[in-house]
$ cat data.cif   # mmCIF, C-alpha atoms
data_protein
#
loop_
_atom_site.group_PDB
_atom_site.id
_atom_site.type_symbol
_atom_site.label_atom_id
_atom_site.label_comp_id
_atom_site.auth_asym_id
_atom_site.auth_seq_id
_atom_site.Cartn_x
_atom_site.Cartn_y
_atom_site.Cartn_z
ATOM 1 C CA MET A 1 -8.423 17.087 16.294
ATOM 2 C CA THR A 2 -5.431 19.149 15.268
ATOM 3 C CA GLU A 3 -3.097 17.984 12.521
ATOM 4 C CA THR A 4 -0.431 16.985 15.026
ATOM 5 C CA THR A 5 -2.843 14.766 17.003
ATOM 6 C CA LYS A 6 -4.175 12.915 13.966
ATOM 7 C CA THR A 7 -2.661 9.612 12.909
ATOM 8 C CA HIS A 8 -0.665 9.853 9.711
ATOM 9 C CA VAL A 9 -1.299 6.872 7.477
ATOM 10 C CA ILE A 10 0.407 5.126 4.591
ATOM 11 C CA LEU A 11 -1.974 2.834 2.705
ATOM 12 C CA LEU A 12 -0.397 -0.364 1.386
ATOM 13 C CA SER A 13 -2.183 -2.504 -1.185
ATOM 14 C CA CYS A 14 -0.920 -5.981 -2.111
ATOM 15 C CA GLY A 15 -2.250 -7.999 -5.018
ATOM 16 C CA SER A 16 -1.744 -9.352 -8.500
ATOM 17 C CA PHE A 17 -2.612 -6.119 -10.349
ATOM 18 C CA ASN A 18 -3.072 -8.283 -13.422
ATOM 19 C CA PRO A 19 -3.654 -5.703 -14.810
ATOM 20 C CA ILE A 20 -4.016 -2.690 -12.535
ATOM 21 C CA THR A 21 -7.418 -1.070 -13.113
ATOM 22 C CA LYS A 22 -9.114 2.233 -12.536
ATOM 23 C CA GLY A 23 -10.878 0.408 -9.714
ATOM 24 C CA HIS A 24 -7.593 -0.098 -7.878
ATOM 25 C CA ILE A 25 -6.803 3.604 -8.035
ATOM 26 C CA HIS A 26 -10.398 4.438 -7.083
ATOM 27 C CA MET A 27 -9.955 2.248 -3.990
ATOM 28 C CA PHE A 28 -6.995 4.367 -2.877
ATOM 29 C CA GLU A 29 -8.829 7.616 -3.521
ATOM 30 C CA LYS A 30 -12.020 6.533 -1.725
ATOM 31 C CA ALA A 31 -10.060 5.226 1.252
ATOM 32 C CA ARG A 32 -8.103 8.468 1.594
ATOM 33 C CA GLU A 33 -11.236 10.564 1.263
ATOM 34 C CA TYR A 34 -13.089 8.511 3.880
ATOM 35 C CA LEU A 35 -10.205 8.458 6.363
ATOM 36 C CA HIS A 36 -9.858 12.216 6.096
ATOM 37 C CA LYS A 37 -13.585 12.659 6.728
ATOM 38 C CA THR A 38 -13.328 10.740 10.004
ATOM 39 C CA GLY A 39 -11.181 13.561 11.333
ATOM 40 C CA ARG A 40 -8.765 11.078 12.893
ATOM 41 C CA PHE A 41 -6.376 10.366 10.025
ATOM 42 C CA ILE A 42 -4.205 12.093 7.456
ATOM 43 C CA VAL A 43 -3.230 9.850 4.554
ATOM 44 C CA ILE A 44 0.233 10.939 3.450
ATOM 45 C CA GLY A 45 0.957 8.193 0.924
ATOM 46 C CA GLY A 46 -0.084 5.048 -0.859
ATOM 47 C CA ILE A 47 2.004 2.035 -1.890
ATOM 48 C CA ILE A 48 1.135 -0.538 -4.554
ATOM 49 C CA SER A 49 3.016 -3.821 -4.086
ATOM 50 C CA PRO A 50 2.464 -6.329 -6.920
ATOM 51 C CA VAL A 51 2.768 -10.008 -6.025
ATOM 52 C CA HIS A 52 5.772 -12.183 -6.939
ATOM 53 C CA ASP A 53 5.670 -14.214 -10.164
ATOM 54 C CA SER A 54 5.782 -17.480 -8.206
ATOM 55 C CA TYR A 55 2.378 -16.768 -6.644
ATOM 56 C CA GLY A 56 1.103 -19.266 -9.199
ATOM 57 C CA LYS A 57 -2.150 -17.606 -10.198
ATOM 58 C CA PRO A 58 -3.335 -18.759 -13.659
ATOM 59 C CA GLY A 59 -2.793 -16.122 -16.332
ATOM 60 C CA LEU A 60 -0.481 -14.038 -14.160
ATOM 61 C CA VAL A 61 1.811 -12.091 -16.496
ATOM 62 C CA SER A 62 5.416 -11.336 -15.653
ATOM 63 C CA SER A 63 6.073 -8.888 -12.836
ATOM 64 C CA ARG A 64 8.111 -6.865 -15.337
ATOM 65 C CA HIS A 65 4.892 -6.081 -17.171
ATOM 66 C CA ARG A 66 2.778 -5.652 -14.056
ATOM 67 C CA LEU A 67 5.235 -3.229 -12.477
ATOM 68 C CA THR A 68 5.350 -1.171 -15.675
ATOM 69 C CA MET A 69 1.556 -1.050 -15.915
ATOM 70 C CA CYS A 70 1.293 0.006 -12.281
ATOM 71 C CA GLN A 71 3.829 2.778 -12.864
ATOM 72 C CA LEU A 72 1.828 3.993 -15.857
ATOM 73 C CA ALA A 73 -1.407 3.921 -13.852
ATOM 74 C CA VAL A 74 -0.054 6.167 -11.078
ATOM 75 C CA GLN A 75 2.210 8.426 -13.137
ATOM 76 C CA SER A 76 -0.085 11.400 -12.558
ATOM 77 C CA SER A 77 -0.562 10.751 -8.834
ATOM 78 C CA ASP A 78 1.340 12.811 -6.311
ATOM 79 C CA TRP A 79 0.775 10.407 -3.426
ATOM 80 C CA ILE A 80 0.617 6.815 -4.737
ATOM 81 C CA ARG A 81 3.794 4.982 -5.730
ATOM 82 C CA VAL A 82 4.720 1.488 -6.892
ATOM 83 C CA ASP A 83 7.127 -0.620 -4.870
ATOM 84 C CA PRO A 84 8.995 -3.531 -6.557
ATOM 85 C CA TRP A 85 10.402 -5.168 -3.429
ATOM 86 C CA GLU A 86 7.878 -8.015 -3.360
ATOM 87 C CA CYS A 87 8.496 -8.832 -7.037
ATOM 88 C CA TYR A 88 12.260 -8.746 -6.618
ATOM 89 C CA GLN A 89 12.423 -11.407 -3.891
ATOM 90 C CA ASP A 90 13.534 -14.969 -4.602
ATOM 91 C CA THR A 91 10.055 -16.319 -4.014
ATOM 92 C CA TRP A 92 6.497 -15.384 -3.072
ATOM 93 C CA GLN A 93 6.101 -13.339 0.106
ATOM 94 C CA THR A 94 3.168 -13.385 2.508
ATOM 95 C CA THR A 95 1.142 -10.214 2.994
ATOM 96 C CA CYS A 96 2.368 -10.191 6.574
ATOM 97 C CA SER A 97 5.992 -10.221 5.375
ATOM 98 C CA VAL A 98 5.343 -7.343 2.980
ATOM 99 C CA LEU A 99 3.797 -5.224 5.741
ATOM 100 C CA GLU A 100 6.687 -5.991 8.085
ATOM 101 C CA HIS A 101 9.209 -5.138 5.361
ATOM 102 C CA HIS A 102 7.691 -1.709 4.837
ATOM 103 C CA ARG A 103 7.435 -1.109 8.568
ATOM 104 C CA ASP A 104 11.122 -1.934 9.003
ATOM 105 C CA LEU A 105 12.035 0.171 5.984
ATOM 106 C CA MET A 106 10.159 3.133 7.445
ATOM 107 C CA LYS A 107 12.158 2.721 10.624
ATOM 108 C CA ARG A 108 15.397 3.005 8.652
ATOM 109 C CA VAL A 109 14.190 5.964 6.597
ATOM 110 C CA THR A 110 12.717 7.981 9.463
ATOM 111 C CA GLY A 111 14.951 6.765 12.269
ATOM 112 C CA CYS A 112 11.806 6.164 14.316
ATOM 113 C CA ILE A 113 9.522 3.347 15.360
ATOM 114 C CA LEU A 114 6.080 3.269 13.789
ATOM 115 C CA SER A 115 2.990 3.086 15.954
ATOM 116 C CA ASN A 116 1.146 -0.188 16.185
ATOM 117 C CA VAL A 117 -2.621 -0.075 16.037
ATOM 118 C CA ASN A 118 -3.063 -1.923 19.295
ATOM 119 C CA THR A 119 -0.502 0.041 21.320
ATOM 120 C CA PRO A 120 -0.850 3.670 20.204
ATOM 121 C CA SER A 121 -0.182 5.222 23.577
ATOM 122 C CA THR A 122 3.074 3.442 24.416
ATOM 123 C CA THR A 123 4.862 2.883 21.116
ATOM 124 C CA PRO A 124 7.404 5.550 20.105
ATOM 125 C CA VAL A 125 6.231 7.533 17.095
ATOM 126 C CA ILE A 126 7.582 9.997 14.548
ATOM 127 C CA GLY A 127 9.516 12.648 16.417
ATOM 128 C CA GLN A 128 10.675 10.151 19.058
ATOM 129 C CA PRO A 129 13.894 8.628 17.673
ATOM 130 C CA GLN A 130 14.722 5.102 18.765
ATOM 131 C CA ASN A 131 18.073 4.200 20.251
ATOM 132 C CA GLN A 132 20.851 2.794 18.085
ATOM 133 C CA THR A 133 19.118 3.745 14.879
ATOM 134 C CA THR A 134 20.850 2.679 11.689
ATOM 135 C CA PRO A 135 21.849 5.875 9.809
ATOM 136 C CA ILE A 136 19.609 6.845 6.922
ATOM 137 C CA TYR A 137 20.093 8.571 3.612
ATOM 138 C CA GLN A 138 19.329 12.255 3.497
ATOM 139 C CA ASN A 139 19.434 14.469 0.426
ATOM 140 C CA HIS A 140 21.761 17.477 0.694
ATOM 141 C CA ASN A 141 19.080 19.654 -0.865
ATOM 142 C CA ASN A 142 16.838 19.100 2.150
ATOM 143 C CA MET A 143 19.447 19.370 4.884
ATOM 144 C CA ASN A 144 18.354 22.837 5.996
ATOM 145 C CA HIS A 145 14.619 22.172 5.967
ATOM 146 C CA SER A 146 12.843 20.549 8.894
ATOM 147 C CA PRO A 147 10.218 18.174 7.434
ATOM 148 C CA THR A 148 6.637 18.900 8.394
ATOM 149 C CA ALA A 149 3.729 16.490 8.448
ATOM 150 C CA ILE A 150 2.626 17.662 5.013
ATOM 151 C CA LYS A 151 6.085 17.125 3.534
ATOM 152 C CA LEU A 152 6.646 13.825 5.314
ATOM 153 C CA TRP A 153 5.510 11.562 2.480
ATOM 154 C CA GLY A 154 7.687 13.376 -0.034
ATOM 155 C CA LYS A 155 10.701 12.781 2.169
ATOM 156 C CA ILE A 156 9.843 9.149 2.824
ATOM 157 C CA SER A 157 8.864 8.416 -0.767
ATOM 158 C CA GLU A 158 12.070 9.850 -2.168
ATOM 159 C CA SER A 159 14.189 7.819 0.219
ATOM 160 C CA LEU A 160 12.192 4.641 -0.269
ATOM 161 C CA GLY A 161 12.359 4.952 -4.026
ATOM 162 C CA LYS A 162 16.132 5.104 -3.908
ATOM 163 C CA ILE A 163 16.477 2.277 -1.415
ATOM 164 C CA CYS A 164 13.917 -0.061 -3.031
ATOM 165 C CA CYS A 165 14.498 0.493 -6.700
ATOM 166 C CA VAL A 166 18.146 1.393 -7.208
ATOM 167 C CA ARG A 167 21.279 1.767 -5.184
ATOM 168 C CA PRO A 168 21.559 5.440 -4.187
ATOM 169 C CA HIS A 169 24.352 7.586 -5.568
ATOM 170 C CA ILE A 170 26.378 7.946 -2.397
ATOM 171 C CA GLU A 171 27.943 11.260 -3.417
ATOM 172 C CA ARG A 172 24.500 12.882 -3.477
ATOM 173 C CA PHE A 173 23.687 11.854 0.089
ATOM 174 C CA THR A 174 25.017 12.148 3.583
ATOM 175 C CA PHE A 175 24.654 9.483 6.245
ATOM 176 C CA VAL A 176 22.961 11.094 9.198
ATOM 177 C CA GLY A 177 22.193 9.723 12.613
ATOM 178 C CA LYS A 178 18.947 9.818 14.515
ATOM 179 C CA ASP A 179 19.767 13.167 16.140
ATOM 180 C CA THR A 180 19.808 14.906 12.754
ATOM 181 C CA VAL A 181 16.154 14.063 12.098
ATOM 182 C CA ARG A 182 13.843 16.814 13.305
ATOM 183 C CA THR A 183 10.136 16.220 12.973
ATOM 184 C CA THR A 184 6.949 17.073 14.776
ATOM 185 C CA GLN A 185 5.234 14.652 17.126
ATOM 186 C CA GLU A 186 3.025 12.783 14.671
ATOM 187 C CA LYS A 187 1.937 9.182 14.728
ATOM 188 C CA LEU A 188 2.567 7.187 11.571
ATOM 189 C CA ARG A 189 0.983 3.854 10.701
ATOM 190 C CA ILE A 190 0.943 1.521 7.726
ATOM 191 C CA LEU A 191 -2.536 0.154 7.040
ATOM 192 C CA LEU A 192 -3.361 -2.636 4.615
ATOM 193 C CA LEU A 193 -5.803 -1.431 1.974
ATOM 194 C CA CYS A 194 -8.008 -4.120 0.465
ATOM 195 C CA GLY A 195 -11.353 -4.988 -1.039
ATOM 196 C CA SER A 196 -14.059 -7.023 0.664
ATOM 197 C CA ASP A 197 -12.921 -10.096 -1.284
ATOM 198 C CA LEU A 198 -9.647 -10.193 0.653
ATOM 199 C CA LEU A 199 -11.532 -9.639 3.902
ATOM 200 C CA GLU A 200 -13.759 -12.587 3.018
ATOM 201 C CA SER A 201 -10.708 -14.745 2.310
ATOM 202 C CA PHE A 202 -9.732 -14.384 5.976
ATOM 203 C CA CYS A 203 -12.755 -16.558 6.774
ATOM 204 C CA ILE A 204 -11.671 -19.487 4.561
ATOM 205 C CA PRO A 205 -10.273 -22.213 6.861
ATOM 206 C CA GLY A 206 -6.597 -22.920 6.309
ATOM 207 C CA LEU A 207 -6.020 -20.173 3.752
ATOM 208 C CA TRP A 208 -4.362 -17.773 6.188
ATOM 209 C CA LYS A 209 -2.164 -18.564 9.167
ATOM 210 C CA ASP A 210 -3.769 -17.318 12.376
ATOM 211 C CA SER A 211 -0.422 -15.819 13.403
ATOM 212 C CA ASP A 212 -0.285 -13.791 10.177
ATOM 213 C CA MET A 213 -3.858 -12.591 10.633
ATOM 214 C CA GLU A 214 -3.039 -11.514 14.178
ATOM 215 C CA VAL A 215 -0.201 -9.360 12.854
ATOM 216 C CA ILE A 216 -2.076 -7.983 9.830
ATOM 217 C CA VAL A 217 -5.264 -7.039 11.660
ATOM 218 C CA GLY A 218 -3.989 -6.750 15.229
ATOM 219 C CA ASP A 219 -0.671 -4.942 14.789
ATOM 220 C CA PHE A 220 -1.212 -3.041 11.543
ATOM 221 C CA GLY A 221 -4.931 -2.725 10.864
ATOM 222 C CA ILE A 222 -6.823 -2.762 7.574
ATOM 223 C CA VAL A 223 -8.962 -0.430 5.504
ATOM 224 C CA VAL A 224 -11.663 -2.182 3.476
ATOM 225 C CA VAL A 225 -13.345 -0.736 0.401
ATOM 226 C CA PRO A 226 -16.381 -3.016 -0.208
ATOM 227 C CA ARG A 227 -17.221 -4.229 -3.695
ATOM 228 C CA ASP A 228 -20.505 -5.406 -5.213
ATOM 229 C CA GLY A 229 -22.503 -4.532 -2.095
ATOM 230 C CA ALA A 230 -20.601 -6.986 0.110
ATOM 231 C CA ASP A 231 -21.864 -7.328 3.682
ATOM 232 C CA THR A 232 -18.653 -6.642 5.586
ATOM 233 C CA GLU A 233 -20.389 -6.967 8.960
ATOM 234 C CA ARG A 234 -21.457 -10.508 8.110
ATOM 235 C CA ILE A 235 -17.960 -11.344 6.829
ATOM 236 C CA MET A 236 -16.276 -10.123 10.005
ATOM 237 C CA ASN A 237 -18.647 -12.103 12.200
ATOM 238 C CA HIS A 238 -17.461 -15.316 10.512
ATOM 239 C CA SER A 239 -13.908 -14.952 11.836
ATOM 240 C CA SER A 240 -12.923 -14.924 15.509
ATOM 241 C CA ILE A 241 -9.785 -12.910 14.734
ATOM 242 C CA LEU A 242 -11.704 -10.313 12.722
ATOM 243 C CA ARG A 243 -14.218 -10.045 15.578
ATOM 244 C CA LYS A 244 -11.385 -9.741 18.087
ATOM 245 C CA TYR A 245 -9.781 -6.827 16.215
ATOM 246 C CA LYS A 246 -12.948 -5.285 14.826
ATOM 247 C CA ASP A 247 -11.880 -1.830 16.019
ATOM 248 C CA ASN A 248 -8.765 -2.103 13.822
ATOM 249 C CA ILE A 249 -10.863 -2.583 10.680
ATOM 250 C CA THR A 250 -12.082 0.541 8.913
ATOM 251 C CA VAL A 251 -14.828 -0.072 6.371
ATOM 252 C CA VAL A 252 -15.139 2.696 3.783
ATOM 253 C CA LYS A 253 -18.801 3.549 3.393
ATOM 254 C CA ASP A 254 -19.771 4.871 -0.042
ATOM 255 C CA ALA A 255 -23.441 5.704 -0.468
ATOM 256 C CA THR A 256 -22.978 6.710 -4.114
ATOM 257 C CA ASN A 257 -22.254 3.169 -5.405
ATOM 258 C CA HIS A 258 -19.566 4.476 -7.733
ATOM 259 C CA PRO A 259 -19.227 2.377 -10.921
ATOM 260 C CA MET A 260 -15.501 1.942 -10.283
ATOM 261 C CA ALA A 261 -16.410 -0.198 -7.273
ATOM 262 C CA ILE A 262 -17.325 -3.098 -9.564
ATOM 263 C CA VAL A 263 -14.336 -2.836 -11.908
ATOM 264 C CA SER A 264 -11.973 -5.803 -11.648
ATOM 265 C CA SER A 265 -8.882 -7.203 -13.335
ATOM 266 C CA THR A 266 -10.904 -10.244 -14.409
ATOM 267 C CA LYS A 267 -13.451 -8.082 -16.238
ATOM 268 C CA SER A 268 -10.608 -6.146 -17.824
ATOM 269 C CA ARG A 269 -8.895 -9.280 -19.132
ATOM 270 C CA LEU A 270 -12.149 -10.595 -20.558
ATOM 271 C CA ALA A 271 -12.836 -7.270 -22.258
ATOM 272 C CA LEU A 272 -9.382 -7.351 -23.831
ATOM 273 C CA GLN A 273 -9.794 -10.923 -25.031
ATOM 274 C CA HIS A 274 -13.170 -10.153 -26.628
ATOM 275 C CA GLY A 275 -12.206 -6.780 -28.060
ATOM 276 C CA ASP A 276 -14.827 -5.129 -25.860
ATOM 277 C CA GLY A 277 -14.684 -1.339 -26.118
ATOM 278 C CA HIS A 278 -15.727 -1.064 -22.454
ATOM 279 C CA VAL A 279 -12.119 -1.769 -21.554
ATOM 280 C CA VAL A 280 -11.583 2.017 -21.654
ATOM 281 C CA ASP A 281 -13.911 2.197 -18.651
ATOM 282 C CA TYR A 282 -11.769 -0.262 -16.727
ATOM 283 C CA LEU A 283 -8.181 0.681 -17.571
ATOM 284 C CA SER A 284 -6.343 3.961 -18.033
ATOM 285 C CA GLN A 285 -5.230 4.719 -21.589
ATOM 286 C CA PRO A 286 -1.470 4.410 -20.908
ATOM 287 C CA VAL A 287 -2.098 0.925 -19.466
ATOM 288 C CA ILE A 288 -4.224 -0.063 -22.474
ATOM 289 C CA ASP A 289 -1.536 1.191 -24.862
ATOM 290 C CA TYR A 290 1.138 -0.826 -23.049
ATOM 291 C CA ILE A 291 -1.014 -3.971 -23.047
ATOM 292 C CA LEU A 292 -1.636 -3.722 -26.791
ATOM 293 C CA GLN A 293 2.004 -2.943 -27.511
ATOM 294 C CA SER A 294 3.145 -5.940 -25.443
ATOM 295 C CA GLN A 295 0.321 -8.215 -26.656
ATOM 296 C CA LEU A 296 -0.818 -9.075 -23.137
ATOM 297 C CA TYR A 297 -4.101 -10.787 -22.188
ATOM 298 C CA ILE A 298 -5.075 -11.240 -25.817
ATOM 299 C CA ASN A 299 -5.382 -15.013 -25.439
ATOM 300 C CA ALA A 300 -7.548 -16.707 -22.840
ATOM 301 C CA SER A 301 -4.379 -18.097 -21.238
ATOM 302 C CA GLY A 302 -3.422 -14.544 -20.192
#
$ encode --input "data.cif" --output "structure tokens"
Amino acid sequence: MTETTKTHVILLSCGSFNPITKGHIHMFEKAREYLHKTGRFIVIGGIISPVHDSYGKPGLVSSRHRLTMCQLAVQSSDWIRVDPWECYQDTWQTTCSVLEHHRDLMKRVTGCILSNVNTPSTTPVIGQPQNQTTPIYQNHNNMNHSPTAIKLWGKISESLGKICCVRPHIERFTFVGKDTVRTTQEKLRILLLCGSDLLESFCIPGLWKDSDMEVIVGDFGIVVVPRDGADTERIMNHSSILRKYKDNITVVKDATNHPMAIVSSTKSRLALQHGDGHVVDYLSQPVIDYILQSQLYINASG
């Protein structure tokens, strides 16, 4: 497939990130690597969306700390960013709501409709502006450059960062309509990135609304990076919705059994509480420094 016929993907990961570990970043990297190897996808960006404080998980530290740790963990990445929208809401948001928020935000930023997984041939895509598009922000410095597929994430990320995190400085931007946007005919999708534990949670009766699962798996699609040798085939067979949308679930196969695949936030917190030196294997040094400076996770209560 040529670059223009491949599906361009933004990977979105929701979770506590309490704290964010090397395993979380490894999950992004392995997913991107695997999707590229399929020859059908180009991953142009990754989004980390920490959960709201009211999620109610025991030991969950303030989103102020979790957002900062996430920022520190991805500060050297040129394709993964942290989005605070979920944390800034009045209350906890469902995963479905977070996906829909980012889909709608992409519409505003690009002036286009994103492809759905289940209707790729009929849904307008990047390069096909929708009617009555709300004007978007565009940086004057980029006004004379037509964005290419490779530059697309930089353009989107810059705009999203300004919209999500702070109110843009209006004098630095011009409101432009849909006709000003010039892009190539690429398909763009947001896929939920998760571990096999989240996939398994879909099979727990009453934990997820069927309507939300239909949207998450049916409309968006998910990329699963298995952990601890989880049998994803067995997990999917336990849910009628997962079986129904099996083609929308990409399982990242990793024959190397990378040690990062078993790193977890729980192990990291325990290592911190016990003064275990292996914590350097679980967390990046800037995150460790911030945790020690802020005295997080030192007590068993979190």
$ closest_residue --input "data.cif" --among "A:Ser16, A:Leu192, A:Trp85, A:Gly39" --to "A:Met69" --atoms "only C-alpha atoms"
A:Ser16
$ resolve_selection --input "data.cif" --expression "the PyMOL selection byres ((chain A and resi 31) around 9)" --output "ChimeraX atom specification"
/A:11,26-30,32-36,43,193,223-225,251-252
$ residues_around --input "data.cif" --residues "A:Phe220" --least-positions-apart "4" --cutoff "12 Å" --atoms "only C-alpha atoms" --output "NGL selection string"
:A and (9-12 or 95-100 or 102-103 or 114-120 or 188-193 or 212-216 or 245 or 247-250)
$ resolve_selection --input "data.cif" --expression "the PyMOL selection byres ((chain A and resi 286-298) around 12)" --output "tab-separated table (two decimals) with C-alpha atoms, in the frame of the given file"
chain	number	residue	atom	x	y	z
A	17	PHE	CA	-2.61	-6.12	-10.35
A	18	ASN	CA	-3.07	-8.28	-13.42
A	19	PRO	CA	-3.65	-5.70	-14.81
A	20	ILE	CA	-4.02	-2.69	-12.54
A	21	THR	CA	-7.42	-1.07	-13.11
A	22	LYS	CA	-9.11	2.23	-12.54
A	58	PRO	CA	-3.34	-18.76	-13.66
A	59	GLY	CA	-2.79	-16.12	-16.33
A	60	LEU	CA	-0.48	-14.04	-14.16
A	61	VAL	CA	1.81	-12.09	-16.50
A	62	SER	CA	5.42	-11.34	-15.65
A	64	ARG	CA	8.11	-6.86	-15.34
A	65	HIS	CA	4.89	-6.08	-17.17
A	66	ARG	CA	2.78	-5.65	-14.06
A	67	LEU	CA	5.24	-3.23	-12.48
A	68	THR	CA	5.35	-1.17	-15.68
A	69	MET	CA	1.56	-1.05	-15.92
A	70	CYS	CA	1.29	0.01	-12.28
A	71	GLN	CA	3.83	2.78	-12.86
A	72	LEU	CA	1.83	3.99	-15.86
A	73	ALA	CA	-1.41	3.92	-13.85
A	74	VAL	CA	-0.05	6.17	-11.08
A	75	GLN	CA	2.21	8.43	-13.14
A	76	SER	CA	-0.08	11.40	-12.56
A	265	SER	CA	-8.88	-7.20	-13.34
A	266	THR	CA	-10.90	-10.24	-14.41
A	267	LYS	CA	-13.45	-8.08	-16.24
A	268	SER	CA	-10.61	-6.15	-17.82
A	269	ARG	CA	-8.90	-9.28	-19.13
A	270	LEU	CA	-12.15	-10.60	-20.56
A	271	ALA	CA	-12.84	-7.27	-22.26
A	272	LEU	CA	-9.38	-7.35	-23.83
A	273	GLN	CA	-9.79	-10.92	-25.03
A	274	HIS	CA	-13.17	-10.15	-26.63
A	275	GLY	CA	-12.21	-6.78	-28.06
A	276	ASP	CA	-14.83	-5.13	-25.86
A	277	GLY	CA	-14.68	-1.34	-26.12
A	278	HIS	CA	-15.73	-1.06	-22.45
A	279	VAL	CA	-12.12	-1.77	-21.55
A	280	VAL	CA	-11.58	2.02	-21.65
A	281	ASP	CA	-13.91	2.20	-18.65
A	282	TYR	CA	-11.77	-0.26	-16.73
A	283	LEU	CA	-8.18	0.68	-17.57
A	284	SER	CA	-6.34	3.96	-18.03
A	285	GLN	CA	-5.23	4.72	-21.59
A	299	ASN	CA	-5.38	-15.01	-25.44
A	300	ALA	CA	-7.55	-16.71	-22.84
A	301	SER	CA	-4.38	-18.10	-21.24
A	302	GLY	CA	-3.42	-14.54	-20.19
$ atom_distance --input "data.cif" --atom1 "atom CA of A:Val263" --atom2 "atom CA of A:Pro226"
11.9 Å
$ atom_distance --input "data.cif" --atom1 "atom CA of A:Val109" --atom2 "atom CA of A:Asp219"
20.2 Å
$ resolve_selection --input "data.cif" --expression "the PyMOL selection byres ((chain A and resi 49) around 6)" --output "compact mmCIF listing (two decimals) with C-alpha atoms, in the coordinates of the input"
# COMPACT_ATOMS: atom_id res chain seq x y z
CA CYS A 14 -0.92 -5.98 -2.11
CA ILE A 48 1.14 -0.54 -4.55
CA PRO A 50 2.46 -6.33 -6.92
CA ASP A 83 7.13 -0.62 -4.87
$ build_atoms --input "data.cif" --residues "stretch 227-241 of chain A" --atoms "N, CA and C atoms" --output "JSON list (two decimals), keeping the file's coordinate frame"
[["chain", "number", "residue", "atom", "x", "y", "z"],
["A", 227, "ARG", "N", -16.90, -4.13, -2.28],
["A", 227, "ARG", "CA", -17.22, -4.23, -3.70],
["A", 227, "ARG", "C", -18.50, -5.02, -3.87],
["A", 228, "ASP", "N", -19.29, -4.66, -4.87],
["A", 228, "ASP", "CA", -20.50, -5.41, -5.21],
["A", 228, "ASP", "C", -21.46, -5.55, -4.03],
["A", 229, "GLY", "N", -21.55, -4.52, -3.20],
["A", 229, "GLY", "CA", -22.50, -4.53, -2.10],
["A", 229, "GLY", "C", -22.22, -5.59, -1.05],
["A", 230, "ALA", "N", -20.97, -5.95, -0.86],
["A", 230, "ALA", "CA", -20.60, -6.99, 0.11],
["A", 230, "ALA", "C", -21.00, -6.58, 1.53],
["A", 231, "ASP", "N", -21.46, -7.55, 2.29],
["A", 231, "ASP", "CA", -21.86, -7.33, 3.68],
["A", 231, "ASP", "C", -20.65, -7.55, 4.57],
["A", 232, "THR", "N", -19.89, -6.51, 4.81],
["A", 232, "THR", "CA", -18.65, -6.64, 5.59],
["A", 232, "THR", "C", -18.92, -7.04, 7.03],
["A", 233, "GLU", "N", -20.05, -6.61, 7.58],
["A", 233, "GLU", "CA", -20.39, -6.97, 8.96],
["A", 233, "GLU", "C", -20.56, -8.48, 9.07],
["A", 234, "ARG", "N", -21.25, -9.06, 8.12],
["A", 234, "ARG", "CA", -21.46, -10.51, 8.11],
["A", 234, "ARG", "C", -20.13, -11.24, 7.95],
["A", 235, "ILE", "N", -19.27, -10.72, 7.06],
["A", 235, "ILE", "CA", -17.96, -11.34, 6.83],
["A", 235, "ILE", "C", -17.14, -11.35, 8.11],
["A", 236, "MET", "N", -17.09, -10.22, 8.79],
["A", 236, "MET", "CA", -16.28, -10.12, 10.01],
["A", 236, "MET", "C", -16.79, -11.03, 11.11],
["A", 237, "ASN", "N", -18.08, -11.24, 11.17],
["A", 237, "ASN", "CA", -18.65, -12.10, 12.20],
["A", 237, "ASN", "C", -18.32, -13.57, 11.99],
["A", 238, "HIS", "N", -17.80, -13.93, 10.81],
["A", 238, "HIS", "CA", -17.46, -15.32, 10.51],
["A", 238, "HIS", "C", -16.04, -15.67, 10.95],
["A", 239, "SER", "N", -15.30, -14.70, 11.42],
["A", 239, "SER", "CA", -13.91, -14.95, 11.84],
["A", 239, "SER", "C", -13.70, -14.45, 13.26],
["A", 240, "SER", "N", -13.17, -15.32, 14.11],
["A", 240, "SER", "CA", -12.92, -14.92, 15.51],
["A", 240, "SER", "C", -11.85, -13.84, 15.60],
["A", 241, "ILE", "N", -10.86, -13.91, 14.70],
["A", 241, "ILE", "CA", -9.78, -12.91, 14.73],
["A", 241, "ILE", "C", -10.30, -11.56, 14.24]]
